[in-house]
Amino acid sequence: MLDFSHVIAGPFATFYLAQLGADVTKVERPGGGDVMRRTASGARAFTAFNAGKRVREIDLALDAGRDEVRALARDADVMVDNYRPGVLQRHGLGYDDVKGINPRIVYCAISGYGYADPTLTPRGAYDHVIQAMTGMTMLAGTEGDPPIKTGFPVVDAATGIIAALAIVTALRERDRTGRGSFLDVCMWASALQLMYPFACETLSVGHDIPRVGNKGYSGSPAADTFACRDGWLAIGANTREQIARLMAVLGVARGETDALLEPETEGQRAFARARDPASFRELLASRLCSASAADLERRLNIEGVPAARVRTLREFVAEAADGGLLEPTRLGDGGEAAISPGLGWRCTD
């Protein structure tokens, strides 16, 4: 696999495949290379996205450099282009050029806006810009808030994962047909995949999705995030039974709880609804404010009510690693080493 990528989306795609066993050659320009080498995290950030790859410096401005890439591409299964659209084409290394010397090539072009609309294709893109364009920043927060971006490069990461999935799929299809293909993977389309149920709803009925802040998406009055004496607690009590168990833990009788909820439609089970949502939340908040979030997380989950104390990322990964839930993987050596959470799934016999 030939990897012409930089920063996050493209390198994450090829990193994922390298960790799955692909032989990846990352091509960098001499004297500079991937900008991730020069971030605040330095070599560690570069390692996190490029461990397991061979790095090869090739100057595409030289005839010898372009010839070297063509020689590599002739025997490659996959070529990934995460540069701004048009850069590799100008060097005679676009899809049509590479396909001419290797008809079986799977050529994956990763960009901000894709190739479907030529007026958008040349635009550069960053994660927060795509979040803004696709409506993602208007889903976070509550109604009336300014746009709020997700607090990490979610679109970059998703684009990399989707590109890796597309490449694996294209290779499987090539096994069947013997033909290569051009994969157009873009950030805005990846953003819609992350928002998939909301994108489907909006396309189906044509209205905006309301902003719910820290509430759950079910609309249940007990699916929300509440202040406790030692932090915050997210609760996912969606059904009448879950709410009854929650309220029992908080010392509220079943009869009192039932009186606060709308009656169920006969013969149908649905998420619970409160007769007066504001008053219901106020009651819950008053019971929870003096309680321990850590204690309630344990007690509620024992009772079958999903709940979690709000943690920082640092808190969670340390806790998960100490408890054996997470098995961190060391990438690289020395000052360039990075600790990875892995690929997000496990396979057992």
# chains A, B, ... in the order shown; residues from 1 in each chain; ligands from 1

$ select_by_dssp --residues "range 26-233 of chain A" --states "helix (DSSP H, G or I)" --output "PyMOL selection string"
chain A and resi 35-38+43-50+63-74+87-90+95-101+127-134+136-138+154-177+187-194+196-205

$ closest_atom_pairs --of "range 167-281 of chain A" --to "range 53-77 of chain A" --cutoff "12 Å" --atoms "only C-alpha atoms" --output "JSON lines"
{"residue": "A:Ile167", "atom": "CA", "partner": "A:Asp77", "partner_atom": "CA", "distance": 10.0}
{"residue": "A:Val168", "atom": "CA", "partner": "A:Asp77", "partner_atom": "CA", "distance": 10.9}
{"residue": "A:Ala170", "atom": "CA", "partner": "A:Asp77", "partner_atom": "CA", "distance": 10.4}
{"residue": "A:Leu171", "atom": "CA", "partner": "A:Asp77", "partner_atom": "CA", "distance": 8.1}
{"residue": "A:Arg172", "atom": "CA", "partner": "A:Asp77", "partner_atom": "CA", "distance": 11.5}
{"residue": "A:Arg174", "atom": "CA", "partner": "A:Asp77", "partner_atom": "CA", "distance": 9.9}
{"residue": "A:Asp175", "atom": "CA", "partner": "A:Asp77", "partner_atom": "CA", "distance": 11.3}
{"residue": "A:Gly178", "atom": "CA", "partner": "A:Asp77", "partner_atom": "CA", "distance": 11.6}
{"residue": "A:Arg179", "atom": "CA", "partner": "A:Asp77", "partner_atom": "CA", "distance": 10.9}
{"residue": "A:Gly180", "atom": "CA", "partner": "A:Asp77", "partner_atom": "CA", "distance": 8.6}
{"residue": "A:Ser181", "atom": "CA", "partner": "A:Asp77", "partner_atom": "CA", "distance": 10.7}

$ closest_atom_pairs --of "range 111-224 of chain A" --to "range 285-299 of chain A" --cutoff "12 Å" --atoms "only C-alpha atoms" --output "tab-separated table"
residue	atom	partner	partner_atom	distance
A:Pro221	CA	A:Ala285	CA	11.3
A:Ala222	CA	A:Ala285	CA	10.1
A:Asp224	CA	A:Ala285	CA	10.1

$ residues_around --residues "range 113-115 of chain A" --least-positions-apart "5" --cutoff "9 Å" --atoms "only C-alpha atoms" --output "PyMOL selection string"
chain A and resi 85+120-125+130+184-189

$ write_last_selection --atoms "N, CA and C atoms" --output "compact mmCIF listing (two decimals), in the first residue's frame"
# COMPACT_ATOMS: atom_id res chain seq x y z
N PRO A 85 -6.89 17.87 -3.30
CA PRO A 85 -7.20 17.37 -4.64
C PRO A 85 -6.44 18.14 -5.73
N LEU A 120 -16.60 22.46 -5.38
CA LEU A 120 -16.21 22.29 -3.98
C LEU A 120 -14.91 21.53 -3.82
N THR A 121 -14.58 20.70 -4.79
CA THR A 121 -13.43 19.80 -4.69
C THR A 121 -12.13 20.51 -4.28
N PRO A 122 -11.80 21.68 -4.83
CA PRO A 122 -10.51 22.29 -4.50
C PRO A 122 -10.41 22.85 -3.09
N ARG A 123 -11.52 22.97 -2.39
CA ARG A 123 -11.49 23.60 -1.07
C ARG A 123 -10.70 22.77 -0.06
N GLY A 124 -9.93 23.48 0.76
CA GLY A 124 -9.30 22.81 1.89
C GLY A 124 -10.32 22.66 3.01
N ALA A 125 -10.05 21.79 3.96
CA ALA A 125 -11.02 21.55 5.03
C ALA A 125 -10.32 21.16 6.31
N ILE A 130 -15.85 21.43 8.82
CA ILE A 130 -16.83 20.45 8.33
C ILE A 130 -17.94 20.25 9.35
N ASP A 184 -13.92 7.60 -3.49
CA ASP A 184 -14.04 9.02 -3.16
C ASP A 184 -14.56 9.12 -1.72
N VAL A 185 -13.65 9.31 -0.77
CA VAL A 185 -14.00 9.39 0.65
C VAL A 185 -13.81 10.83 1.11
N CYS A 186 -14.87 11.43 1.64
CA CYS A 186 -14.75 12.83 2.02
C CYS A 186 -15.28 13.08 3.42
N MET A 187 -14.87 14.19 3.99
CA MET A 187 -15.18 14.50 5.37
C MET A 187 -16.65 14.82 5.59
N TRP A 188 -17.29 15.53 4.65
CA TRP A 188 -18.70 15.87 4.89
C TRP A 188 -19.57 14.62 4.89
N ALA A 189 -19.25 13.66 4.02
CA ALA A 189 -20.03 12.42 3.98
C ALA A 189 -19.80 11.60 5.24

$ closest_residue --among "A:Ile209, A:Ala9, A:Leu250, A:Ala166" --to "Asp127 in chain A" --atoms "only C-alpha atoms"
A:Ala9

$ select_by_dssp --residues "range 99-322 of chain A" --states "strand (DSSP E or B)" --output "PyMOL selection string"
chain A and resi 106-111+142+181-186+212+222-228+231-237+261+274+307-309

$ closest_residue --among "A:Ile110, A:Leu261, A:Ala337, A:Met247" --to "Ser190 in chain A" --atoms "only C-alpha atoms"
A:Ile110

$ closest_residue --among "A:Ile339, A:Ala13, A:Cys200, A:Ala272" --to "Ala237 in chain A" --atoms "only C-alpha atoms"
A:Ala272

$ residues_around --residues "Tyr16 in chain A" --least-positions-apart "5" --cutoff "8 Å" --atoms "only C-alpha atoms" --output "count of residues only"
3

$ atom_distance --atom1 "CA of Phe182 in chain A" --atom2 "CA of Tyr95 in chain A"
7.0 Å
